[in-house]
Amino acid sequence: AQRVTQPEKLLSVFKGAPVELKCNYSYSGSPELFWYVQYSRQRLQLLLRHISRESIKGFTADLNKGETSFHLKKPFAQEEDSAMYYCALDGSGNTGKLIFGQGTTLQVKP
Amino acid sequence: GAGVSQSPRYKVAKRGQDVALRCDPISGHVSLFWYQQALGQGPEFLTYFQNEAQLDKSGLPSDRFFAERPEGSVSTLKIQRTQQEDSAVYLCASSFPSGTSYNEQFFGPGTRLTVL
């Protein structure tokens, strides 16, 4: 079964501290993985996708097929990073049907 | 231009009522998705359209749920005989195929449905 697991519902860090939001997936083929973010009172939006191997707003995520993980990292958290983060898997063969994790709330304290 | 819009933004229904939720995708976007997001959960896929064709409805929880996109643009999600477990935020997303392996989905603000 295709599944995305985000084990932490809430992650609270101080400004300037490193951040790692965990994501594990279950998928039999070659996965397409993404991180979506929802800031307060805004709509859900794409943060980054593993295939582009890009860094957005200082965040990076590396696909580890051996550990079936796609953790989101940032070396120095900023207060504006406070938001809800969702890890998602496209298990449809690239039609775009997404399977989301339960989400992790990141709270960056001043 | 404008992003994905959804209406109404909030809907309160009495148990047993029928509701209709509307999604206006970004102009020209071929693909349209509906997701259901229960409180404290991530979005869950309901159904997918490519133009007017409904290619995947595997996520619709029961035959009370019905979606259509007759002209390949606006889509309506209809829920008949609403139940309390239908209470959730219903998200619509659209994307435009670009020939790459993944097309970014643009989400609407959602419709929050409360069934009393």
# chains A, B, ... in the order shown; residues from 1 in each chain; ligands from 1
$ residues_around --residues "Ser82 in chain A" --least-positions-apart "4" --cutoff "10 Å" --atoms "only C-alpha atoms" --output "PyMOL selection string"
chain A and resi 11-13+37-40+77-78+105-109
$ write_last_selection --atoms "N, CA and C atoms" --output "compact mmCIF listing (two decimals), in the first residue's frame"
# COMPACT_ATOMS: atom_id res chain seq x y z
N LEU A 11 6.59 20.35 15.77
CA LEU A 11 8.03 20.51 16.00
C LEU A 11 8.26 21.96 16.37
N SER A 12 8.83 22.17 17.54
CA SER A 12 9.04 23.52 18.04
C SER A 12 10.54 23.76 18.22
N VAL A 13 11.06 24.81 17.57
CA VAL A 13 12.49 25.12 17.67
C VAL A 13 12.65 26.62 17.87
N VAL A 37 3.54 23.28 1.72
CA VAL A 37 3.51 24.10 2.93
C VAL A 37 2.24 24.94 2.93
N GLN A 38 1.72 25.13 4.13
CA GLN A 38 0.55 26.00 4.29
C GLN A 38 0.84 26.98 5.41
N TYR A 39 1.07 28.24 5.03
CA TYR A 39 1.26 29.30 6.01
C TYR A 39 -0.10 29.72 6.55
N SER A 40 -0.09 30.39 7.70
CA SER A 40 -1.32 30.78 8.36
C SER A 40 -2.20 31.60 7.42
N ALA A 77 16.58 27.96 11.23
CA ALA A 77 15.15 28.27 11.12
C ALA A 77 14.89 29.76 11.33
N GLN A 78 13.91 30.27 10.59
CA GLN A 78 13.46 31.65 10.73
C GLN A 78 12.00 31.65 11.21
N THR A 105 3.30 20.55 12.15
CA THR A 105 3.31 21.98 12.42
C THR A 105 4.69 22.37 12.90
N LEU A 106 5.31 23.29 12.20
CA LEU A 106 6.61 23.82 12.62
C LEU A 106 6.39 25.16 13.30
N GLN A 107 6.86 25.26 14.52
CA GLN A 107 6.74 26.49 15.29
C GLN A 107 8.15 26.99 15.58
N VAL A 108 8.48 28.16 15.04
CA VAL A 108 9.80 28.74 15.28
C VAL A 108 9.64 29.89 16.27
N LYS A 109 10.25 29.71 17.42
CA LYS A 109 10.11 30.70 18.49
C LYS A 109 11.23 31.73 18.41
$ closest_atom_pairs --of "chain A" --to "chain B" --cutoff "7 Å" --atoms "only C-alpha atoms" --output "CSV"
residue,atom,partner,partner_atom,distance
A:Arg43,CA,B:Pro109,CA,5.2
A:Leu44,CA,B:Phe107,CA,5.9
A:Gln45,CA,B:Phe106,CA,6.7
A:Asn94,CA,B:Tyr102,CA,6.0
A:Gly96,CA,B:Tyr102,CA,6.7
A:Lys97,CA,B:Phe45,CA,6.9
A:Leu98,CA,B:Phe45,CA,6.7
A:Ile99,CA,B:Glu44,CA,6.6
A:Phe100,CA,B:Gly42,CA,5.6
A:Gly101,CA,B:Gly42,CA,5.6
A:Gln102,CA,B:Gly42,CA,4.3
A:Gly103,CA,B:Gly42,CA,5.9
$ residues_around --residues "Asp18 in chain B" --least-positions-apart "2" --cutoff "6 Å" --atoms "only C-alpha atoms" --output "JSON, numbers by chain"
{"B": [79, 80, 81]}
$ atom_distance --atom1 "CA of Ser62 in chain B" --atom2 "CA of Leu89 in chain A"
23.8 Å
$ atom_distance --atom1 "CA of Leu10 in chain A" --atom2 "CA of Asp90 in chain A"
24.2 Å
$ select_by_dssp --residues "range 3-65 of chain A" --states "strand (DSSP E or B)" --output "count of residues only"
31
$ closest_residue --among "A:Cys23, A:Ile56, A:Ala17, A:Leu48" --to "Thr68 in chain A" --atoms "only C-alpha atoms"
A:Cys23
$ residues_around --residues "Ser27 in chain B" --least-positions-apart "3" --cutoff "10 Å" --atoms "only C-alpha atoms" --output "list in words"
Gly1, Ala2, Gly3, Val4, Asp24, Val30, Ser73, Val74, Ser94, Ser95 and Phe96 of chain B
$ write_last_selection --atoms "N, CA and C atoms" --output "PDB file, in the first residue's frame"
ATOM      1  N   GLY B   1      -2.964  36.200 -13.425  1.00  0.00           N
ATOM      2  CA  GLY B   1      -4.391  36.079 -13.283  1.00  0.00           C
ATOM      3  C   GLY B   1      -4.763  35.483 -11.942  1.00  0.00           C
ATOM      4  N   ALA B   2      -6.043  35.241 -11.780  1.00  0.00           N
ATOM      5  CA  ALA B   2      -6.543  34.717 -10.522  1.00  0.00           C
ATOM      6  C   ALA B   2      -6.118  33.265 -10.365  1.00  0.00           C
ATOM      7  N   GLY B   3      -6.039  32.855  -9.113  1.00  0.00           N
ATOM      8  CA  GLY B   3      -5.739  31.466  -8.823  1.00  0.00           C
ATOM      9  C   GLY B   3      -7.003  30.633  -8.835  1.00  0.00           C
ATOM     10  N   VAL B   4      -6.920  29.449  -8.264  1.00  0.00           N
ATOM     11  CA  VAL B   4      -8.068  28.565  -8.143  1.00  0.00           C
ATOM     12  C   VAL B   4      -9.037  29.164  -7.119  1.00  0.00           C
ATOM     13  N   ASP B  24     -13.457  26.689  -9.447  1.00  0.00           N
ATOM     14  CA  ASP B  24     -13.054  27.343 -10.690  1.00  0.00           C
ATOM     15  C   ASP B  24     -11.536  27.226 -10.817  1.00  0.00           C
ATOM     16  N   VAL B  30      -5.680  21.830 -17.482  1.00  0.00           N
ATOM     17  CA  VAL B  30      -6.344  20.633 -17.985  1.00  0.00           C
ATOM     18  C   VAL B  30      -6.761  19.700 -16.845  1.00  0.00           C
ATOM     19  N   SER B  73     -13.944  22.792 -17.518  1.00  0.00           N
ATOM     20  CA  SER B  73     -13.447  23.958 -16.788  1.00  0.00           C
ATOM     21  C   SER B  73     -13.921  23.879 -15.336  1.00  0.00           C
ATOM     22  N   VAL B  74     -15.047  24.529 -15.039  1.00  0.00           N
ATOM     23  CA  VAL B  74     -15.598  24.514 -13.685  1.00  0.00           C
ATOM     24  C   VAL B  74     -15.984  23.089 -13.292  1.00  0.00           C
ATOM     25  N   SER B  94      -5.705  22.487  -9.426  1.00  0.00           N
ATOM     26  CA  SER B  94      -5.619  22.321 -10.874  1.00  0.00           C
ATOM     27  C   SER B  94      -4.158  22.373 -11.314  1.00  0.00           C
ATOM     28  N   SER B  95      -3.904  21.783 -12.475  1.00  0.00           N
ATOM     29  CA  SER B  95      -2.549  21.826 -13.023  1.00  0.00           C
ATOM     30  C   SER B  95      -2.617  21.786 -14.535  1.00  0.00           C
ATOM     31  N   PHE B  96      -1.507  22.252 -15.146  1.00  0.00           N
ATOM     32  CA  PHE B  96      -1.432  22.285 -16.602  1.00  0.00           C
ATOM     33  C   PHE B  96      -0.307  21.374 -17.043  1.00  0.00           C
TER      34      PHE B  96
END
$ residues_around --residues "Gln17 in chain B" --least-positions-apart "2" --cutoff "12 Å" --atoms "only C-alpha atoms" --output "PyMOL selection string"
chain B and resi 11-15+19-20+64+78-84+86+113-116
$ write_last_selection --atoms "N, CA, C and O atoms" --output "PDB file, in the first residue's frame"
ATOM      1  N   LYS B  11     -19.821  26.174   4.461  1.00  0.00           N
ATOM      2  CA  LYS B  11     -21.161  25.646   4.248  1.00  0.00           C
ATOM      3  C   LYS B  11     -21.562  24.851   5.478  1.00  0.00           C
ATOM      4  O   LYS B  11     -20.826  23.973   5.925  1.00  0.00           O
ATOM      5  N   VAL B  12     -22.714  25.193   6.027  1.00  0.00           N
ATOM      6  CA  VAL B  12     -23.275  24.422   7.137  1.00  0.00           C
ATOM      7  C   VAL B  12     -24.514  23.725   6.613  1.00  0.00           C
ATOM      8  O   VAL B  12     -25.389  24.372   6.027  1.00  0.00           O
ATOM      9  N   ALA B  13     -24.580  22.431   6.796  1.00  0.00           N
ATOM     10  CA  ALA B  13     -25.710  21.656   6.307  1.00  0.00           C
ATOM     11  C   ALA B  13     -26.280  20.813   7.438  1.00  0.00           C
ATOM     12  O   ALA B  13     -25.555  20.370   8.333  1.00  0.00           O
ATOM     13  N   LYS B  14     -27.566  20.606   7.378  1.00  0.00           N
ATOM     14  CA  LYS B  14     -28.181  19.671   8.316  1.00  0.00           C
ATOM     15  C   LYS B  14     -28.021  18.270   7.759  1.00  0.00           C
ATOM     16  O   LYS B  14     -28.031  18.070   6.530  1.00  0.00           O
ATOM     17  N   ARG B  15     -27.859  17.328   8.642  1.00  0.00           N
ATOM     18  CA  ARG B  15     -27.704  15.942   8.220  1.00  0.00           C
ATOM     19  C   ARG B  15     -28.862  15.547   7.299  1.00  0.00           C
ATOM     20  O   ARG B  15     -30.029  15.820   7.608  1.00  0.00           O
ATOM     21  N   VAL B  19     -25.517  18.920  -0.768  1.00  0.00           N
ATOM     22  CA  VAL B  19     -24.704  20.129  -0.945  1.00  0.00           C
ATOM     23  C   VAL B  19     -23.962  20.050  -2.275  1.00  0.00           C
ATOM     24  O   VAL B  19     -23.706  18.962  -2.803  1.00  0.00           O
ATOM     25  N   ALA B  20     -23.618  21.214  -2.795  1.00  0.00           N
ATOM     26  CA  ALA B  20     -22.843  21.305  -4.036  1.00  0.00           C
ATOM     27  C   ALA B  20     -21.714  22.294  -3.821  1.00  0.00           C
ATOM     28  O   ALA B  20     -21.946  23.438  -3.411  1.00  0.00           O
ATOM     29  N   ARG B  64     -22.661   8.466  -2.373  1.00  0.00           N
ATOM     30  CA  ARG B  64     -23.308   9.761  -2.104  1.00  0.00           C
ATOM     31  C   ARG B  64     -22.492  10.912  -2.681  1.00  0.00           C
ATOM     32  O   ARG B  64     -22.988  12.037  -2.781  1.00  0.00           O
ATOM     33  N   LYS B  78     -20.651  17.155  -5.561  1.00  0.00           N
ATOM     34  CA  LYS B  78     -21.961  17.075  -4.923  1.00  0.00           C
ATOM     35  C   LYS B  78     -21.957  15.953  -3.894  1.00  0.00           C
ATOM     36  O   LYS B  78     -21.443  14.865  -4.162  1.00  0.00           O
ATOM     37  N   ILE B  79     -22.510  16.261  -2.755  1.00  0.00           N
ATOM     38  CA  ILE B  79     -22.648  15.249  -1.703  1.00  0.00           C
ATOM     39  C   ILE B  79     -24.136  15.150  -1.379  1.00  0.00           C
ATOM     40  O   ILE B  79     -24.773  16.134  -1.003  1.00  0.00           O
ATOM     41  N   GLN B  80     -24.663  13.967  -1.535  1.00  0.00           N
ATOM     42  CA  GLN B  80     -26.083  13.747  -1.261  1.00  0.00           C
ATOM     43  C   GLN B  80     -26.256  13.208   0.156  1.00  0.00           C
ATOM     44  O   GLN B  80     -25.414  12.482   0.678  1.00  0.00           O
ATOM     45  N   ARG B  81     -27.375  13.568   0.756  1.00  0.00           N
ATOM     46  CA  ARG B  81     -27.736  13.032   2.086  1.00  0.00           C
ATOM     47  C   ARG B  81     -26.539  13.108   3.033  1.00  0.00           C
ATOM     48  O   ARG B  81     -26.069  12.098   3.559  1.00  0.00           O
ATOM     49  N   THR B  82     -26.069  14.316   3.261  1.00  0.00           N
ATOM     50  CA  THR B  82     -24.850  14.514   4.043  1.00  0.00           C
ATOM     51  C   THR B  82     -24.937  13.858   5.420  1.00  0.00           C
ATOM     52  O   THR B  82     -26.006  13.811   6.051  1.00  0.00           O
ATOM     53  N   GLN B  83     -23.791  13.357   5.863  1.00  0.00           N
ATOM     54  CA  GLN B  83     -23.641  12.744   7.173  1.00  0.00           C
ATOM     55  C   GLN B  83     -22.595  13.539   7.960  1.00  0.00           C
ATOM     56  O   GLN B  83     -21.784  14.259   7.378  1.00  0.00           O
ATOM     57  N   GLN B  84     -22.577  13.357   9.266  1.00  0.00           N
ATOM     58  CA  GLN B  84     -21.640  14.105  10.097  1.00  0.00           C
ATOM     59  C   GLN B  84     -20.194  13.800   9.714  1.00  0.00           C
ATOM     60  O   GLN B  84     -19.338  14.696   9.773  1.00  0.00           O
ATOM     61  N   ASP B  86     -19.009  13.586   6.937  1.00  0.00           N
ATOM     62  CA  ASP B  86     -18.623  14.335   5.742  1.00  0.00           C
ATOM     63  C   ASP B  86     -18.026  15.691   6.099  1.00  0.00           C
ATOM     64  O   ASP B  86     -17.495  16.396   5.226  1.00  0.00           O
ATOM     65  N   LEU B 113     -16.943  22.389   5.103  1.00  0.00           N
ATOM     66  CA  LEU B 113     -18.304  21.864   5.248  1.00  0.00           C
ATOM     67  C   LEU B 113     -18.498  21.345   6.667  1.00  0.00           C
ATOM     68  O   LEU B 113     -17.701  20.543   7.155  1.00  0.00           O
ATOM     69  N   THR B 114     -19.550  21.839   7.310  1.00  0.00           N
ATOM     70  CA  THR B 114     -19.922  21.358   8.638  1.00  0.00           C
ATOM     71  C   THR B 114     -21.319  20.769   8.540  1.00  0.00           C
ATOM     72  O   THR B 114     -22.255  21.451   8.111  1.00  0.00           O
ATOM     73  N   VAL B 115     -21.442  19.513   8.930  1.00  0.00           N
ATOM     74  CA  VAL B 115     -22.740  18.843   8.907  1.00  0.00           C
ATOM     75  C   VAL B 115     -23.224  18.665  10.338  1.00  0.00           C
ATOM     76  O   VAL B 115     -22.544  18.037  11.162  1.00  0.00           O
ATOM     77  N   LEU B 116     -24.379  19.244  10.619  1.00  0.00           N
ATOM     78  CA  LEU B 116     -24.902  19.212  11.998  1.00  0.00           C
ATOM     79  C   LEU B 116     -25.850  18.028  12.205  1.00  0.00           C
ATOM     80  O   LEU B 116     -26.467  17.551  11.248  1.00  0.00           O
TER      81      LEU B 116
END
$ atom_distance --atom1 "CA of Cys87 in chain A" --atom2 "CA of Gly16 in chain A"
22.9 Å
$ residues_around --residues "Lys22 in chain A" --least-positions-apart "2" --cutoff "7 Å" --atoms "only C-alpha atoms" --output "ChimeraX atom specification"
/A:6-7,20,24,71-72
$ residues_around --residues "Ser69 in chain A" --least-positions-apart "3" --cutoff "10 Å" --atoms "only C-alpha atoms" --output "list of chain:residue names"
A:Val4, A:Thr5, A:Lys22, A:Cys23, A:Asn24, A:Tyr25, A:Ser26, A:Leu33, A:Ala61, A:Asp62, A:Leu63, A:Asn64, A:Lys65, A:Gly66, A:Leu72
$ write_last_selection --atoms "C-alpha atoms" --output "PDB file, in the first residue's frame"
ATOM      1  CA  VAL A   4       3.252   8.659   3.725  1.00  0.00           C
ATOM      2  CA  THR A   5       4.085   8.962   7.408  1.00  0.00           C
ATOM      3  CA  LYS A  22      10.656  13.742   9.055  1.00  0.00           C
ATOM      4  CA  CYS A  23       8.853  11.926   6.265  1.00  0.00           C
ATOM      5  CA  ASN A  24       8.805   8.219   5.508  1.00  0.00           C
ATOM      6  CA  TYR A  25       6.979   6.613   2.632  1.00  0.00           C
ATOM      7  CA  SER A  26       5.806   3.233   1.462  1.00  0.00           C
ATOM      8  CA  LEU A  33       8.036  13.017  -3.583  1.00  0.00           C
ATOM      9  CA  ALA A  61      15.166  17.387   1.042  1.00  0.00           C
ATOM     10  CA  ASP A  62      17.056  14.305  -0.030  1.00  0.00           C
ATOM     11  CA  LEU A  63      15.373  11.139  -1.161  1.00  0.00           C
ATOM     12  CA  ASN A  64      16.840   8.120   0.624  1.00  0.00           C
ATOM     13  CA  LYS A  65      15.483   5.029  -1.082  1.00  0.00           C
ATOM     14  CA  GLY A  66      17.235   2.678   1.334  1.00  0.00           C
ATOM     15  CA  LEU A  72      13.002  18.236   5.003  1.00  0.00           C
TER      16      LEU A  72
END
$ select_by_dssp --residues "range 10-98 of chain A" --states "helix (DSSP H, G or I)" --output "list in words"
His50, Ile51, Ser52, Glu79, Glu80 and Asp81 of chain A
